[in-house]
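**Q** Next comes the structure file coords-v2.cif, holding mmCIF, C-alpha atoms.
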data_coords
#
loop_
_atom_site.label_atom_id
_atom_site.label_comp_id
_atom_site.auth_asym_id
_atom_site.auth_seq_id
_atom_site.Cartn_x
_atom_site.Cartn_y
_atom_site.Cartn_z
CA MET A 1 100.02 100.82 -47.68
CA HIS A 2 99.36 97.97 -50.11
CA ILE A 3 100.00 94.25 -50.09
CA LEU A 4 100.73 93.25 -53.70
CA GLN A 5 100.27 89.51 -53.75
CA HIS A 6 101.03 86.84 -56.35
CA GLY A 7 99.91 83.22 -56.52
CA ASP A 8 101.62 79.88 -55.84
CA SER A 9 104.91 78.99 -57.46
CA LEU A 10 104.99 77.03 -60.72
CA ASP A 11 108.61 75.96 -60.25
CA ASN A 12 108.33 73.87 -57.07
CA PRO A 13 108.75 70.16 -57.93
CA ILE A 14 108.80 69.10 -54.26
CA HIS A 15 105.69 70.34 -52.53
CA GLU A 16 106.90 69.20 -49.11
CA LEU A 17 109.56 71.92 -49.05
CA PRO A 18 108.75 75.01 -46.99
CA LEU A 19 107.69 78.14 -48.83
CA GLU A 20 110.92 79.97 -47.98
CA LEU A 21 113.00 77.34 -49.82
CA ALA A 22 110.75 76.29 -52.69
CA ASP A 23 109.27 79.62 -53.81
CA THR A 24 111.59 82.18 -55.42
CA GLY A 25 108.91 84.85 -55.01
CA VAL A 26 108.95 88.18 -56.84
CA LYS A 27 111.95 88.37 -59.19
CA PHE A 28 110.97 91.48 -61.16
CA ALA A 29 109.63 94.80 -59.87
CA SER A 30 109.75 98.14 -61.67
CA TRP A 31 107.88 101.41 -62.12
CA GLY A 32 106.25 102.21 -65.44
CA GLN A 33 105.99 105.57 -67.15
CA SER A 34 104.40 107.17 -64.09
CA VAL A 35 103.74 106.55 -60.40
CA ASN A 36 100.34 105.17 -61.39
CA ARG A 37 101.97 102.03 -62.75
CA PHE A 38 104.02 99.49 -60.86
CA TYR A 39 104.88 96.12 -62.41
CA THR A 40 105.84 92.89 -60.64
CA GLY A 41 106.68 89.41 -61.93
CA ALA A 42 106.83 86.35 -59.68
CA SER A 43 107.15 82.58 -59.56
CA ASP A 44 103.44 82.14 -60.37
CA GLY A 45 104.27 82.94 -64.02
CA LYS A 46 102.44 86.28 -64.11
CA VAL A 47 103.47 89.88 -64.66
CA LYS A 48 100.98 92.12 -62.89
CA ALA A 49 100.29 95.82 -63.21
CA TRP A 50 99.35 97.81 -60.09
CA ASP A 51 98.11 101.30 -59.36
CA ILE A 52 99.24 102.21 -55.87
CA THR A 53 97.33 105.50 -55.94
CA ARG A 54 94.09 103.59 -55.49
CA ARG A 55 92.64 102.71 -52.12
CA PRO A 56 94.09 99.64 -50.32
CA GLY A 57 92.79 96.37 -51.70
CA ASP A 58 92.03 97.84 -55.12
CA ALA A 59 95.57 98.33 -56.46
CA PHE A 60 95.47 95.45 -58.96
CA VAL A 61 94.97 96.61 -62.57
CA ARG A 62 95.54 93.61 -64.82
CA ASN A 63 97.70 90.61 -65.66
CA VAL A 64 100.09 91.90 -68.31
CA LEU A 65 101.57 88.47 -69.08
CA THR A 66 100.88 84.86 -68.10
CA VAL A 67 103.42 82.13 -68.92
CA THR A 68 104.00 78.49 -68.01
CA GLY A 69 107.08 79.11 -65.84
CA GLY A 70 108.04 81.45 -63.07
CA ILE A 71 109.16 84.96 -63.97
CA SER A 72 112.92 85.12 -63.45
CA ALA A 73 113.96 88.52 -64.85
CA GLY A 74 112.62 91.66 -66.52
CA SER A 75 113.69 95.08 -67.71
CA PHE A 76 112.13 98.16 -69.31
CA SER A 77 113.54 100.13 -72.20
CA LYS A 78 114.71 103.67 -71.46
CA ASP A 79 111.41 105.19 -72.60
CA PHE A 80 109.36 102.52 -70.74
CA THR A 81 107.52 101.57 -73.93
CA GLN A 82 108.98 98.06 -74.22
CA LEU A 83 109.38 95.37 -71.60
CA VAL A 84 111.46 92.20 -71.90
CA ILE A 85 110.62 89.30 -69.58
CA GLY A 86 112.51 86.05 -69.03
CA ASP A 87 110.89 83.01 -67.43
CA ALA A 88 112.21 79.87 -65.75
CA THR A 89 111.59 77.73 -68.85
CA GLY A 90 114.25 79.64 -70.79
CA LYS A 91 111.89 81.74 -72.92
CA VAL A 92 112.21 85.49 -73.50
CA HIS A 93 109.08 87.60 -74.03
CA LEU A 94 109.08 91.09 -75.57
CA LEU A 95 106.07 93.28 -74.78
CA LYS A 96 105.02 96.74 -75.92
CA ILE A 97 103.69 98.74 -72.98
CA ASP A 98 101.53 101.86 -73.30
CA ASP A 99 100.78 103.68 -70.05
CA SER A 100 99.79 106.93 -71.69
CA ASP A 101 96.07 106.13 -71.21
CA VAL A 102 96.30 105.41 -67.49
CA ASP A 103 93.55 107.85 -66.62
CA ASP A 104 91.32 106.60 -69.43
CA GLU A 105 91.14 103.05 -68.09
CA VAL A 106 88.64 104.02 -65.42
CA ALA A 107 86.87 106.71 -67.45
CA GLN A 108 83.41 106.12 -68.80
CA PRO A 109 82.97 106.91 -72.52
CA ALA A 110 80.45 109.56 -73.43
CA LYS A 111 79.32 107.50 -76.41
CA PRO A 112 79.72 103.74 -76.35
CA MET A 113 81.84 102.46 -79.20
CA PRO A 114 80.36 99.36 -80.87
CA GLY A 115 82.36 96.20 -81.15
CA ARG A 116 85.08 94.67 -78.99
CA ARG A 117 87.83 95.74 -81.38
CA ALA A 118 86.74 99.36 -81.11
CA LEU A 119 86.69 99.11 -77.32
CA GLU A 120 90.21 97.71 -77.35
CA GLN A 121 91.40 100.57 -79.56
CA GLY A 122 89.81 103.08 -77.23
CA GLY A 123 91.64 101.66 -74.21
CA LEU A 124 88.37 100.73 -72.48
CA LEU A 125 89.27 97.04 -72.07
CA PRO A 126 92.49 97.01 -70.05
CA ASN A 127 92.52 93.22 -69.79
CA ALA A 128 92.69 92.78 -73.58
CA VAL A 129 96.43 92.34 -73.98
CA LYS A 130 97.85 90.33 -76.83
CA ARG A 131 100.21 87.55 -75.91
CA PRO A 132 103.74 88.47 -77.02
CA LYS A 133 105.63 86.43 -79.53
CA VAL A 134 108.05 83.94 -78.06
CA VAL A 135 111.67 84.58 -78.99
CA THR A 136 113.32 81.28 -79.93
CA PRO A 137 116.89 81.19 -78.57
CA HIS A 138 119.63 80.41 -81.07
CA PRO A 139 122.86 78.49 -80.35
CA GLU A 140 125.75 80.45 -78.92
CA PRO A 141 128.07 81.45 -81.80
CA PRO A 142 131.63 80.12 -81.59
CA PRO A 143 134.35 82.55 -80.50
CA PRO A 144 136.71 84.03 -83.12
CA ASP A 145 139.87 82.12 -83.96
CA SER A 146 142.12 84.66 -82.23
CA PHE A 147 140.10 84.52 -79.01
CA ALA A 148 141.92 82.85 -76.13
CA ILE A 149 139.98 81.56 -73.16
CA GLU A 150 141.78 82.45 -69.96
CA VAL A 151 141.47 79.94 -67.14
CA GLU A 152 141.21 81.75 -63.84
CA GLN A 153 143.76 80.61 -61.29
CA SER A 154 142.59 79.30 -57.96
CA GLY A 155 143.39 81.03 -54.70
CA GLN A 156 145.77 78.24 -53.76
CA GLU A 157 147.71 78.63 -57.02
CA LEU A 158 147.97 82.40 -56.59
CA ALA A 159 149.17 81.99 -53.01
CA GLN A 160 151.86 79.54 -54.13
CA ILE A 161 153.09 82.06 -56.73
CA TYR A 162 153.32 84.79 -54.07
CA VAL A 163 155.43 82.49 -51.89
CA GLU A 164 157.70 81.35 -54.75
CA GLU A 165 158.38 84.93 -55.82
CA GLY A 166 159.17 86.01 -52.28
CA GLN A 167 156.24 88.37 -52.01
CA LEU A 168 154.90 86.33 -49.10
CA ARG A 169 156.54 84.01 -46.64
CA VAL A 170 155.08 81.48 -44.24
CA HIS A 171 155.80 82.26 -40.60
CA PRO A 172 157.21 79.31 -38.61
CA ASP A 173 154.46 79.84 -36.04
CA PRO A 174 151.28 78.31 -37.55
CA GLY A 175 149.22 80.73 -35.50
CA VAL A 176 150.59 83.61 -37.61
CA GLY A 177 150.34 82.11 -41.11
CA ALA A 178 151.55 83.97 -44.21
CA ILE A 179 153.14 87.41 -43.77
CA GLN A 180 154.96 89.90 -45.97
CA GLY A 181 158.05 88.61 -47.74
CA PRO A 182 161.18 90.45 -48.88
CA ASN A 183 159.58 91.25 -52.27
CA TYR A 184 156.16 92.27 -50.97
CA LEU A 185 156.73 95.82 -52.23
CA GLU A 186 156.23 94.52 -55.79
CA THR A 187 152.57 93.73 -55.10
CA SER A 188 151.61 97.32 -54.12
CA LEU A 189 148.97 95.75 -51.88
CA PHE A 190 149.24 98.19 -49.00
CA ARG A 191 146.84 100.00 -46.76
CA LEU A 192 148.45 103.36 -47.28
CA GLU A 193 146.68 104.91 -44.29
CA ALA A 194 148.57 102.47 -42.06
CA HIS A 195 152.00 103.68 -43.22
CA GLU A 196 153.89 106.86 -42.55
CA GLU A 197 153.29 109.60 -45.13
CA TYR A 198 150.84 107.29 -46.96
CA ASP A 199 153.83 105.48 -48.47
CA GLY A 200 153.79 101.69 -48.55
CA SER A 201 157.59 101.54 -48.35
CA GLN A 202 157.58 103.45 -45.06
CA PRO A 203 157.22 101.75 -41.65
CA LEU A 204 153.85 101.16 -40.08
CA LEU A 205 152.35 103.74 -37.77
CA PRO A 206 152.62 102.80 -34.07
CA GLU A 207 148.88 102.19 -33.65
CA TRP A 208 148.94 99.76 -36.60
CA GLN A 209 152.13 98.06 -35.56
CA ALA A 210 150.56 97.21 -32.22
CA LYS A 211 147.84 95.24 -34.04
CA GLN A 212 150.24 92.95 -35.91
CA GLN A 213 149.96 89.27 -35.02
CA SER A 214 153.73 88.90 -34.81
CA GLU A 215 153.88 91.64 -32.18
CA LEU A 216 151.02 90.15 -30.20
CA LEU A 217 152.59 86.69 -30.22
CA GLY A 218 155.94 88.14 -29.23
CA GLN A 219 154.39 89.66 -26.12
CA ARG A 220 152.84 86.35 -25.14
CA GLY A 221 154.90 84.20 -22.82
CA GLU A 222 155.65 80.58 -23.49
CA ILE A 223 152.77 78.32 -22.61
CA ARG A 224 153.79 75.66 -20.08
CA LEU A 225 151.58 72.65 -19.61
CA PRO A 226 151.93 70.63 -16.38
CA ARG A 227 152.92 67.00 -16.78
CA LEU A 228 150.98 64.20 -15.19
CA PRO A 229 152.76 62.46 -12.29
CA ARG A 230 154.27 59.05 -12.92
CA VAL A 231 151.77 56.38 -11.91
CA GLN A 232 153.01 53.31 -10.05
CA SER A 233 151.22 50.11 -9.10
CA SER A 234 150.09 49.59 -5.51
CA ASP A 235 151.99 47.45 -3.04
CA LEU A 236 151.28 43.73 -3.41
CA THR A 237 150.73 43.32 0.34
CA ALA A 238 148.19 46.15 0.36
CA HIS A 239 146.47 44.60 -2.63
CA GLU A 240 146.08 41.25 -0.86
CA GLU A 241 144.68 43.07 2.19
CA ASN A 242 142.11 44.87 0.04
CA LEU A 243 141.02 41.59 -1.52
CA SER A 244 140.45 40.13 1.97
CA LEU A 245 137.98 42.92 2.68
CA ASP A 246 135.78 41.97 -0.26
CA LEU A 247 132.48 40.34 0.54
CA ASP A 248 132.50 36.57 0.00
CA PHE A 249 128.88 35.52 -0.26
CA SER A 250 129.72 31.83 0.15
CA LYS A 251 131.26 32.46 3.60
CA LEU A 252 128.08 34.02 5.00
CA SER A 253 125.67 32.02 7.09
CA LEU A 254 122.74 30.36 5.39
CA SER A 255 120.27 32.60 7.20
CA ALA A 256 122.15 35.72 6.03
CA GLN A 257 122.24 34.43 2.48
CA GLU A 258 118.49 33.74 2.46
CA GLU A 259 117.75 37.16 3.94
CA LEU A 260 119.87 38.92 1.31
CA LYS A 261 118.19 36.98 -1.47
CA ARG A 262 114.75 37.81 -0.03
CA ASP A 263 115.68 41.53 -0.05
CA ARG A 264 116.81 41.21 -3.70
CA CYS A 265 120.29 42.51 -3.04
CA GLU A 266 122.79 42.62 -5.85
CA LEU A 267 125.12 39.78 -4.96
CA HIS A 268 126.80 38.97 -8.25
CA TRP A 269 128.13 42.10 -10.00
CA GLU A 270 131.13 40.69 -11.78
CA ASN A 271 129.69 41.55 -15.22
CA ASN A 272 127.50 44.52 -14.32
CA HIS A 273 130.24 47.01 -15.22
CA LYS A 274 130.37 45.84 -18.81
CA PHE A 275 128.35 47.32 -21.68
CA LYS A 276 125.93 45.21 -23.60
CA TYR A 277 127.21 44.38 -27.05
CA GLU A 278 124.95 45.81 -29.75
CA LEU A 279 125.16 45.15 -33.44
CA PHE A 280 125.71 48.14 -35.68
CA PRO A 281 123.46 48.58 -38.75
CA SER A 282 126.28 47.29 -40.95
CA HIS A 283 126.32 44.04 -38.95
CA LYS A 284 122.55 43.72 -38.85
CA LEU A 285 122.43 44.09 -42.64
CA GLY A 286 125.57 42.10 -43.22
CA ILE A 287 123.81 39.88 -45.68
CA PHE A 288 123.60 42.83 -48.07
CA ARG A 289 127.13 44.07 -47.52
CA HIS A 290 128.61 41.43 -49.79
CA ASP A 291 126.32 42.58 -52.58
CA ARG A 292 127.50 46.20 -52.16
CA VAL A 293 123.99 47.43 -51.47
CA SER A 294 123.94 50.77 -49.64
#
Take the structure in the file and write it out as structure tokens.
**A**
Amino acid sequence: MHILQHGDSLDNPIHELPLELADTGVKFASWGQSVNRFYTGASDGKVKAWDITRRPGDAFVRNVLTVTGGISAGSFSKDFTQLVIGDATGKVHLLKIDDSDVDDEVAQPAKPMPGRRALEQGGLLPNAVKRPKVVTPHPEPPPPDSFAIEVEQSGQELAQIYVEEGQLRVHPDPGVGAIQGPNYLETSLFRLEAHEEYDGSQPLLPEWQAKQQSELLGQRGEIRLPRLPRVQSSDLTAHEENLSLDLDFSKLSLSAQEELKRDRCELHWENNHKFKYELFPSHKLGIFRHDRVS
């Protein structure tokens, strides 16, 4: 098994983002002319060639292409002799690939060939790859005069047409929604296996009919919610009696009052049940609100 690794992304403007969100990773992966060549292109702006038949850790062959933006797409020709690469900057690169000398890359020449150019011609310098010419994109040509651009209808518009033409109807129970209308047969949108004799105009099979929402809601009884009892105020006499049972601190003896104060008892709780009023951020920054600063 091999781990074919690329470098850091060139297309991440915000370095604080996690790797899973900021790095698009490998966007191109394809075999070459044989199993000895595997090509990958990633967000580090490099197209790499690998030989997975080598021992682990030694699969890297060379950098086929290095650009200033992340690799976003790639495709080989049918004979695997040409490779087109697109990067994140909008450029398209066309490369000529020759994998016929795969076995010669690691072979030692019997007689050294003088000169770097001769070595390149003999396939003995695999890293000597010419940079491809950049294809300059041209403006999109205008469409012909007879060409009509069709605007795709939204799902809401299509649904409204189905309802207006009677192909669908809205069930009065909102839990059911839209169901078949009297002209639904015109749509030919049937699950034929759910109908008798695989005919959409025939009734549904019993096992499918039992799954219909209308049938399920028809079997459900009416939901009855209990009503809350009518609340009445308490008797005035009972209310006065309850007030007489309240503790009146002023009617206690002085010694009892001093003892309660010494024990730090809560004696005045008239306002303890209320919440403390806090200003919202819009009130705290009210001075800016008139200037429409957000």
**Q** Skipping near chain neighbours, those fewer than 3 positions away, what residues fall within 12 Å of Gly181 in chain A using only C-alpha atoms, listed as a compact mmCIF listing (two decimals) with C-alpha atoms, in the frame of the given file?
**A**
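Result went into around-v3.txt, see below:
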# COMPACT_ATOMS: atom_id res chain seq x y z
CA TYR A 162 153.32 84.79 -54.07
CA VAL A 163 155.43 82.49 -51.89
CA GLU A 164 157.70 81.35 -54.75
CA GLU A 165 158.38 84.93 -55.82
CA GLY A 166 159.17 86.01 -52.28
CA GLN A 167 156.24 88.37 -52.01
CA LEU A 168 154.90 86.33 -49.10
CA ARG A 169 156.54 84.01 -46.64
CA VAL A 170 155.08 81.48 -44.24
CA HIS A 171 155.80 82.26 -40.60
CA ALA A 178 151.55 83.97 -44.21
CA TYR A 184 156.16 92.27 -50.97
CA LEU A 185 156.73 95.82 -52.23
CA GLU A 186 156.23 94.52 -55.79
CA THR A 187 152.57 93.73 -55.10
**Q** State, in Å with one decimal place, the distance from CA of Gly32 in chain A to CA of Leu95 in chain A.
**A**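 These two atoms are separated by 12.9 Å.
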**Q** I want to know what sits within 8 Å of range 190-195 of chain A, based on all atoms listed in the file, with residues of the same chain fewer than 6 positions away left out; could you give that as a ChimeraX atom specification?
**A** /A:201-205,208
**Q** What is the distance, in Å and to one decimal place, between CA of Val64 in chain A and CA of Ile97 in chain A?
**A**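 Computing it gives 9.0 Å between the two atoms.
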**Q** From the list A:Arg37, A:Lys261, A:His6, A:Lys46, which residue is nearest Gly25 in chain A when using all atoms listed in the file?
**A**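 Between A:Arg37, A:Lys261, A:His6, A:Lys46, the residue approaching Gly25 in chain A most closely is A:His6.
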**Q** What is the distance, in Å and to one decimal place, between CA of Asp145 in chain A and CA of Glu157 in chain A?
**A**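 Here the two named atoms are 28.3 Å from each other.
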**Q** Pull out every residue that the PyMOL selection byres ((chain A and resi 65) around 8) matches in the shown coordinates and put them as a short mmCIF file (atom, residue, chain, number, x, y, z; two decimals) with C-alpha atoms, in the coordinates of the input.
**A**
data_model
loop_
_atom_site.label_atom_id
_atom_site.label_comp_id
_atom_site.auth_asym_id
_atom_site.auth_seq_id
_atom_site.Cartn_x
_atom_site.Cartn_y
_atom_site.Cartn_z
CA GLY A 45 104.27 82.94 -64.02
CA LYS A 46 102.44 86.28 -64.11
CA VAL A 47 103.47 89.88 -64.66
CA LYS A 48 100.98 92.12 -62.89
CA ASN A 63 97.70 90.61 -65.66
CA VAL A 64 100.09 91.90 -68.31
CA THR A 66 100.88 84.86 -68.10
CA VAL A 67 103.42 82.13 -68.92
CA ARG A 131 100.21 87.55 -75.91
#
**Q** Just checking: using all atoms listed in the file, which residue out of A:Leu94, A:Leu247, A:Leu260, A:Met1 ends up closest to Arg54 in chain A?
**A** A:Met1
**Q** Give me the result of the PyMOL selection byres ((chain A and resi 96) around 9) on this file, residue by residue, as a PDB file with C-alpha atoms, in the coordinates of the input.
**A**
ATOM      1  CA  PHE A  80     109.360 102.520 -70.740  1.00  0.00           C
ATOM      2  CA  THR A  81     107.520 101.570 -73.930  1.00  0.00           C
ATOM      3  CA  GLN A  82     108.980  98.060 -74.220  1.00  0.00           C
ATOM      4  CA  LEU A  83     109.380  95.370 -71.600  1.00  0.00           C
ATOM      5  CA  VAL A  84     111.460  92.200 -71.900  1.00  0.00           C
ATOM      6  CA  LEU A  94     109.080  91.090 -75.570  1.00  0.00           C
ATOM      7  CA  LEU A  95     106.070  93.280 -74.780  1.00  0.00           C
ATOM      8  CA  ILE A  97     103.690  98.740 -72.980  1.00  0.00           C
ATOM      9  CA  ASP A  98     101.530 101.860 -73.300  1.00  0.00           C
ATOM     10  CA  PRO A 132     103.740  88.470 -77.020  1.00  0.00           C
TER      11      PRO A 132
END
**Q** Can you turn the PyMOL selection byres ((chain A and resi 58) around 12) into a concrete residue list for this file, as a PyMOL selection string?
**A** chain A and resi 1-5+49-57+59-62
